[in-house]
Amino acid sequence: MNDRILVREMTLDDCDRVSEIRIRGWQHAYKGLMPQSHLDALSIAEDAERRRTFFVRAGSEVVDLVAERAGEVVGWACHGPYRDGEIRTDDAELYAIYVDAAQFGAGVGQALLREAVRRCADAKHPRMLLWVLKGNERARRFYERAGFAADGAEEPFDVDGVAVPEVRYVRELLG
């Protein structure tokens with residue numbers, strides 16, 4: 001079996017698998033961190049339709065990457081300009097990264113993050129920022145091992161009327 005991880009740009013044909021990974025990722029990682037009724041109501045088919053729409057509209061500012069192992073998509077990451085309300089800065093933002101739960105610990109997330117960081121550094125973004133649920137300790141450790149650090153910013157993320165706190169992480173890319 002070929003254990004090599006290939007990171008490439010996502011195609012429209014990847015949307016269904018990316019949505020499956022994303023929704024299962026939410027249901028796994030956010031259990032106990034946000035209302036279970038919200039997690040149970042997530043639909044792979046609806047997410048795939050939104051993903052296709054986002055993909056077609058995204059333009060060149062948003063980069064969707066997938067990780068393949070043995071020809072199967074096993075992870076997804078998305079990055080683009082940092083969003084500070086309506087203001088766009090020179091910084092980049094990692095919008096999302098999800099890995100098939102069967103691939104946890106196998107280097108898929110690291111490969112996706114490494115490629116996203118490389119692309120953002122090559123594009124001369126001074127920093128990469130991301131938001132992560134405050135209670136998602138696994139993800140926080142993952143980002144910290146990759147050189148990201150919490151910068152003290154926190155925001156509530158509203159999920160079905162429940163405030164779920166997020167913390168911002170940052171990594172310098174230049175200099």
# chains A, B, ... in the order shown; residues from 1 in each chain; ligands from 1
$ residues_around --residues "Arg8 (chain A)" --least-positions-apart "6" --cutoff "7 Å" --atoms "only C-alpha atoms" --output "short mmCIF file (atom, residue, chain, number, x, y, z; two decimals) with N, CA, C and O atoms, in the first residue's frame"
data_model
loop_
_atom_site.label_atom_id
_atom_site.label_comp_id
_atom_site.auth_asym_id
_atom_site.auth_seq_id
_atom_site.Cartn_x
_atom_site.Cartn_y
_atom_site.Cartn_z
N LEU A 65 -7.39 22.95 -0.42
CA LEU A 65 -6.45 21.86 -0.63
C LEU A 65 -7.05 20.56 -0.12
O LEU A 65 -7.80 20.56 0.87
N VAL A 66 -6.72 19.46 -0.78
CA VAL A 66 -7.09 18.15 -0.26
C VAL A 66 -5.83 17.31 -0.12
O VAL A 66 -4.84 17.53 -0.82
N ALA A 67 -5.90 16.38 0.80
CA ALA A 67 -4.83 15.40 0.98
C ALA A 67 -5.36 14.06 0.51
O ALA A 67 -6.48 13.67 0.86
#
$ residues_around --residues "region 123-131 of chain A" --least-positions-apart "5" --cutoff "10 Å" --atoms "only C-alpha atoms" --output "ChimeraX atom specification"
/A:79-83,89-96,116-118,140,143,148-151,153-155,165-175
$ write_last_selection --atoms "C-alpha atoms" --output "PDB file, in the first residue's frame"
ATOM      1  CA  HIS A  79      -7.090  29.338   3.545  1.00  0.00           C
ATOM      2  CA  GLY A  80      -7.239  32.860   2.209  1.00  0.00           C
ATOM      3  CA  PRO A  81      -7.114  36.493   3.319  1.00  0.00           C
ATOM      4  CA  TYR A  82      -7.515  37.181   7.032  1.00  0.00           C
ATOM      5  CA  ARG A  83     -11.082  38.249   7.785  1.00  0.00           C
ATOM      6  CA  THR A  89      -5.239  42.679   5.953  1.00  0.00           C
ATOM      7  CA  ASP A  90      -1.972  41.411   4.482  1.00  0.00           C
ATOM      8  CA  ASP A  91      -2.226  38.387   6.786  1.00  0.00           C
ATOM      9  CA  ALA A  92      -3.540  34.985   5.774  1.00  0.00           C
ATOM     10  CA  GLU A  93      -6.135  32.934   7.620  1.00  0.00           C
ATOM     11  CA  LEU A  94      -6.524  29.194   7.856  1.00  0.00           C
ATOM     12  CA  TYR A  95     -10.297  28.944   7.568  1.00  0.00           C
ATOM     13  CA  ALA A  96     -10.581  25.203   8.079  1.00  0.00           C
ATOM     14  CA  ALA A 116      -0.993  25.947   3.464  1.00  0.00           C
ATOM     15  CA  VAL A 117       1.762  27.667   5.478  1.00  0.00           C
ATOM     16  CA  ARG A 118       4.216  27.271   2.578  1.00  0.00           C
ATOM     17  CA  ARG A 140      -4.958  23.473  20.018  1.00  0.00           C
ATOM     18  CA  TYR A 143      -1.487  24.049  16.106  1.00  0.00           C
ATOM     19  CA  PHE A 148       1.162  28.665  16.269  1.00  0.00           C
ATOM     20  CA  ALA A 149       0.445  30.428  19.558  1.00  0.00           C
ATOM     21  CA  ALA A 150      -2.718  31.871  21.070  1.00  0.00           C
ATOM     22  CA  ASP A 151      -2.510  35.664  20.902  1.00  0.00           C
ATOM     23  CA  ALA A 153      -8.020  37.254  21.249  1.00  0.00           C
ATOM     24  CA  GLU A 154     -11.275  35.427  21.989  1.00  0.00           C
ATOM     25  CA  GLU A 155     -14.694  35.567  20.348  1.00  0.00           C
ATOM     26  CA  PRO A 165     -15.847  30.474  22.680  1.00  0.00           C
ATOM     27  CA  GLU A 166     -13.093  30.544  20.062  1.00  0.00           C
ATOM     28  CA  VAL A 167      -9.489  31.611  20.543  1.00  0.00           C
ATOM     29  CA  ARG A 168      -7.241  33.052  17.877  1.00  0.00           C
ATOM     30  CA  TYR A 169      -3.843  31.569  17.060  1.00  0.00           C
ATOM     31  CA  VAL A 170      -1.077  33.194  15.032  1.00  0.00           C
ATOM     32  CA  ARG A 171       2.178  32.158  13.398  1.00  0.00           C
ATOM     33  CA  GLU A 172       4.746  34.479  11.882  1.00  0.00           C
ATOM     34  CA  LEU A 173       5.558  33.525   8.279  1.00  0.00           C
ATOM     35  CA  LEU A 174       8.158  36.094   7.238  1.00  0.00           C
ATOM     36  CA  GLY A 175      11.387  37.132   8.913  1.00  0.00           C
TER      37      GLY A 175
END
$ select_by_dssp --residues "chain A" --states "strand (DSSP E)" --output "PDB file with C-alpha atoms, in the first residue's frame"
ATOM      1  CA  ILE A   5       0.305  11.727   1.283  1.00  0.00           C
ATOM      2  CA  LEU A   6      -0.304  13.874  -1.781  1.00  0.00           C
ATOM      3  CA  VAL A   7      -1.562  17.421  -1.155  1.00  0.00           C
ATOM      4  CA  ARG A   8      -3.181  19.046  -4.161  1.00  0.00           C
ATOM      5  CA  GLU A   9      -5.724  21.701  -4.997  1.00  0.00           C
ATOM      6  CA  VAL A  63      -7.348  28.140  -1.666  1.00  0.00           C
ATOM      7  CA  ASP A  64      -8.893  24.727  -1.051  1.00  0.00           C
ATOM      8  CA  LEU A  65      -6.446  21.855  -0.630  1.00  0.00           C
ATOM      9  CA  VAL A  66      -7.088  18.149  -0.258  1.00  0.00           C
ATOM     10  CA  ALA A  67      -4.826  15.398   0.978  1.00  0.00           C
ATOM     11  CA  GLU A  68      -4.918  12.047  -0.795  1.00  0.00           C
ATOM     12  CA  ARG A  69      -3.580   8.717   0.364  1.00  0.00           C
ATOM     13  CA  GLU A  72      -8.601   8.563  -1.610  1.00  0.00           C
ATOM     14  CA  VAL A  73      -9.238  12.066  -0.282  1.00  0.00           C
ATOM     15  CA  VAL A  74      -8.523  11.871   3.460  1.00  0.00           C
ATOM     16  CA  GLY A  75      -8.289  15.542   4.449  1.00  0.00           C
ATOM     17  CA  TRP A  76      -9.150  19.099   3.478  1.00  0.00           C
ATOM     18  CA  ALA A  77      -7.843  22.565   4.327  1.00  0.00           C
ATOM     19  CA  CYS A  78      -8.906  26.011   3.201  1.00  0.00           C
ATOM     20  CA  HIS A  79      -7.090  29.338   3.545  1.00  0.00           C
ATOM     21  CA  GLY A  80      -7.239  32.860   2.209  1.00  0.00           C
ATOM     22  CA  PRO A  81      -7.114  36.493   3.319  1.00  0.00           C
ATOM     23  CA  TYR A  82      -7.515  37.181   7.032  1.00  0.00           C
ATOM     24  CA  ARG A  83     -11.082  38.249   7.785  1.00  0.00           C
ATOM     25  CA  ASP A  84     -11.366  41.019  10.374  1.00  0.00           C
ATOM     26  CA  ILE A  87     -11.380  44.586   6.579  1.00  0.00           C
ATOM     27  CA  ARG A  88      -8.814  42.511   4.692  1.00  0.00           C
ATOM     28  CA  THR A  89      -5.239  42.679   5.953  1.00  0.00           C
ATOM     29  CA  ASP A  90      -1.972  41.411   4.482  1.00  0.00           C
ATOM     30  CA  ASP A  91      -2.226  38.387   6.786  1.00  0.00           C
ATOM     31  CA  ALA A  92      -3.540  34.985   5.774  1.00  0.00           C
ATOM     32  CA  GLU A  93      -6.135  32.934   7.620  1.00  0.00           C
ATOM     33  CA  LEU A  94      -6.524  29.194   7.856  1.00  0.00           C
ATOM     34  CA  TYR A  95     -10.297  28.944   7.568  1.00  0.00           C
ATOM     35  CA  ALA A  96     -10.581  25.203   8.079  1.00  0.00           C
ATOM     36  CA  ILE A  97      -8.700  21.947   8.291  1.00  0.00           C
ATOM     37  CA  TYR A  98     -10.337  18.552   8.714  1.00  0.00           C
ATOM     38  CA  VAL A  99      -8.993  15.011   8.504  1.00  0.00           C
ATOM     39  CA  ARG A 127       1.401  35.969   9.392  1.00  0.00           C
ATOM     40  CA  MET A 128      -1.169  33.196   9.349  1.00  0.00           C
ATOM     41  CA  LEU A 129      -4.041  33.380  11.816  1.00  0.00           C
ATOM     42  CA  LEU A 130      -6.775  30.901  12.675  1.00  0.00           C
ATOM     43  CA  TRP A 131      -9.661  30.482  15.086  1.00  0.00           C
ATOM     44  CA  VAL A 132     -10.177  27.306  17.098  1.00  0.00           C
ATOM     45  CA  LEU A 133     -12.793  26.344  19.665  1.00  0.00           C
ATOM     46  CA  ALA A 149       0.445  30.428  19.558  1.00  0.00           C
ATOM     47  CA  ALA A 150      -2.718  31.871  21.070  1.00  0.00           C
ATOM     48  CA  ASP A 151      -2.510  35.664  20.902  1.00  0.00           C
ATOM     49  CA  GLY A 152      -5.118  36.422  23.579  1.00  0.00           C
ATOM     50  CA  ALA A 153      -8.020  37.254  21.249  1.00  0.00           C
ATOM     51  CA  GLU A 154     -11.275  35.427  21.989  1.00  0.00           C
ATOM     52  CA  GLU A 155     -14.694  35.567  20.348  1.00  0.00           C
ATOM     53  CA  PRO A 156     -17.932  33.700  20.954  1.00  0.00           C
ATOM     54  CA  PHE A 157     -19.173  31.594  18.039  1.00  0.00           C
ATOM     55  CA  ASP A 158     -22.972  31.378  18.134  1.00  0.00           C
ATOM     56  CA  VAL A 159     -24.367  27.879  17.630  1.00  0.00           C
ATOM     57  CA  VAL A 162     -25.300  29.011  22.546  1.00  0.00           C
ATOM     58  CA  ALA A 163     -22.070  31.006  22.741  1.00  0.00           C
ATOM     59  CA  VAL A 164     -19.139  28.694  21.968  1.00  0.00           C
ATOM     60  CA  PRO A 165     -15.847  30.474  22.680  1.00  0.00           C
ATOM     61  CA  GLU A 166     -13.093  30.544  20.062  1.00  0.00           C
ATOM     62  CA  VAL A 167      -9.489  31.611  20.543  1.00  0.00           C
ATOM     63  CA  ARG A 168      -7.241  33.052  17.877  1.00  0.00           C
ATOM     64  CA  TYR A 169      -3.843  31.569  17.060  1.00  0.00           C
ATOM     65  CA  VAL A 170      -1.077  33.194  15.032  1.00  0.00           C
ATOM     66  CA  ARG A 171       2.178  32.158  13.398  1.00  0.00           C
ATOM     67  CA  GLU A 172       4.746  34.479  11.882  1.00  0.00           C
TER      68      GLU A 172
END
$ select_by_dssp --residues "region 41-109 of chain A" --states "helix (DSSP H, G or I)" --output "list in words"
Ala41, Ile44, Ala45, Glu46, Asp47, Ala48, Glu49, Arg50, Arg51, Arg52, Thr53, Phe54, Phe55, Val56, Arg57, Ala101, Ala102, Gln103, Val108 and Gly109 of chain A
$ residues_around --residues "Phe55 (chain A)" --least-positions-apart "3" --cutoff "10 Å" --atoms "only C-alpha atoms" --output "CSV table (one decimal) with all heavy atoms, in the first residue's frame"
chain,number,residue,atom,x,y,z
A,10,MET,N,-8.0,21.3,-4.5
A,10,MET,CA,-9.3,20.6,-4.5
A,10,MET,C,-9.9,20.9,-5.9
A,10,MET,O,-9.7,21.9,-6.5
A,10,MET,CB,-10.2,21.2,-3.4
A,10,MET,CG,-11.5,20.5,-3.3
A,10,MET,SD,-12.4,21.2,-1.9
A,10,MET,CE,-13.8,21.9,-2.7
A,11,THR,N,-10.7,19.9,-6.4
A,11,THR,CA,-11.5,20.1,-7.6
A,11,THR,C,-13.0,20.0,-7.2
A,11,THR,O,-13.4,19.6,-6.1
A,11,THR,CB,-11.2,19.0,-8.6
A,11,THR,OG1,-11.7,17.7,-8.1
A,11,THR,CG2,-9.7,18.9,-8.9
A,12,LEU,N,-13.9,20.4,-8.1
A,12,LEU,CA,-15.3,20.3,-7.9
A,12,LEU,C,-15.7,18.9,-7.6
A,12,LEU,O,-16.6,18.6,-6.7
A,12,LEU,CB,-16.0,20.8,-9.1
A,12,LEU,CG,-17.5,21.2,-9.0
A,12,LEU,CD1,-17.7,22.2,-7.9
A,12,LEU,CD2,-18.0,21.7,-10.3
A,15,CYS,N,-15.9,17.7,-3.8
A,15,CYS,CA,-16.8,18.4,-2.8
A,15,CYS,C,-17.6,17.4,-2.0
A,15,CYS,O,-17.7,17.6,-0.7
A,15,CYS,CB,-17.8,19.3,-3.6
A,15,CYS,SG,-17.0,20.8,-4.2
A,49,GLU,N,-23.5,20.6,-1.2
A,49,GLU,CA,-24.1,21.6,-2.2
A,49,GLU,C,-23.5,23.0,-1.9
A,49,GLU,O,-23.2,23.7,-2.8
A,49,GLU,CB,-25.7,21.6,-2.0
A,49,GLU,CG,-26.3,22.5,-3.1
A,49,GLU,CD,-26.0,22.1,-4.5
A,49,GLU,OE1,-25.8,20.9,-4.8
A,49,GLU,OE2,-25.8,23.0,-5.4
A,50,ARG,N,-23.4,23.4,-0.6
A,50,ARG,CA,-22.8,24.7,-0.2
A,50,ARG,C,-21.4,24.7,-0.7
A,50,ARG,O,-20.9,25.7,-1.2
A,50,ARG,CB,-22.9,24.9,1.3
A,50,ARG,CG,-24.2,25.5,1.7
A,50,ARG,CD,-24.2,26.0,3.2
A,50,ARG,NE,-23.8,24.9,4.1
A,50,ARG,CZ,-24.6,24.0,4.7
A,50,ARG,NH1,-25.9,24.0,4.3
A,50,ARG,NH2,-24.2,23.1,5.5
A,51,ARG,N,-20.7,23.6,-0.5
A,51,ARG,CA,-19.3,23.5,-0.8
A,51,ARG,C,-19.1,23.7,-2.3
A,51,ARG,O,-18.2,24.5,-2.7
A,51,ARG,CB,-18.7,22.2,-0.4
A,51,ARG,CG,-17.3,22.1,-0.3
A,51,ARG,CD,-16.7,22.1,1.1
A,51,ARG,NE,-17.5,22.4,2.2
A,51,ARG,CZ,-17.5,23.6,2.8
A,51,ARG,NH1,-16.8,24.6,2.5
A,51,ARG,NH2,-18.3,23.8,3.9
A,52,ARG,N,-19.9,23.1,-3.1
A,52,ARG,CA,-19.9,23.3,-4.6
A,52,ARG,C,-20.1,24.8,-4.9
A,52,ARG,O,-19.4,25.4,-5.8
A,52,ARG,CB,-20.9,22.5,-5.3
A,52,ARG,CG,-20.4,21.0,-5.4
A,52,ARG,CD,-21.3,20.2,-6.3
A,52,ARG,NE,-22.6,19.8,-5.6
A,52,ARG,CZ,-22.7,18.8,-4.8
A,52,ARG,NH1,-21.6,18.0,-4.5
A,52,ARG,NH2,-23.8,18.5,-4.2
A,58,ALA,N,-15.6,31.1,-5.2
A,58,ALA,CA,-14.5,31.5,-4.3
A,58,ALA,C,-13.4,32.4,-5.0
A,58,ALA,O,-12.9,33.3,-4.4
A,58,ALA,CB,-13.8,30.3,-3.8
A,59,GLY,N,-13.1,32.2,-6.3
A,59,GLY,CA,-12.1,33.0,-6.9
A,59,GLY,C,-10.7,32.6,-6.4
A,59,GLY,O,-10.5,31.6,-5.7
A,62,VAL,N,-9.2,32.4,-2.3
A,62,VAL,CA,-9.4,31.3,-1.4
A,62,VAL,C,-8.8,30.0,-2.0
A,62,VAL,O,-9.1,29.7,-3.2
A,62,VAL,CB,-10.9,31.1,-1.1
A,62,VAL,CG1,-11.2,29.8,-0.2
A,62,VAL,CG2,-11.5,32.3,-0.4
A,63,VAL,N,-8.0,29.3,-1.2
A,63,VAL,CA,-7.3,28.1,-1.7
A,63,VAL,C,-7.9,26.9,-0.9
A,63,VAL,O,-7.8,26.9,0.3
A,63,VAL,CB,-5.8,28.3,-1.5
A,63,VAL,CG1,-5.1,27.0,-2.0
A,63,VAL,CG2,-5.3,29.5,-2.3
A,64,ASP,N,-8.4,26.0,-1.6
A,64,ASP,CA,-8.9,24.7,-1.1
A,64,ASP,C,-7.9,23.7,-1.4
A,64,ASP,O,-7.6,23.5,-2.6
A,64,ASP,CB,-10.3,24.3,-1.6
A,64,ASP,CG,-11.4,25.2,-1.1
A,64,ASP,OD1,-11.8,24.9,0.1
A,64,ASP,OD2,-11.9,26.1,-1.8
$ atom_distance --atom1 "CA of Phe142 (chain A)" --atom2 "CA of Gln110 (chain A)"
8.4 Å
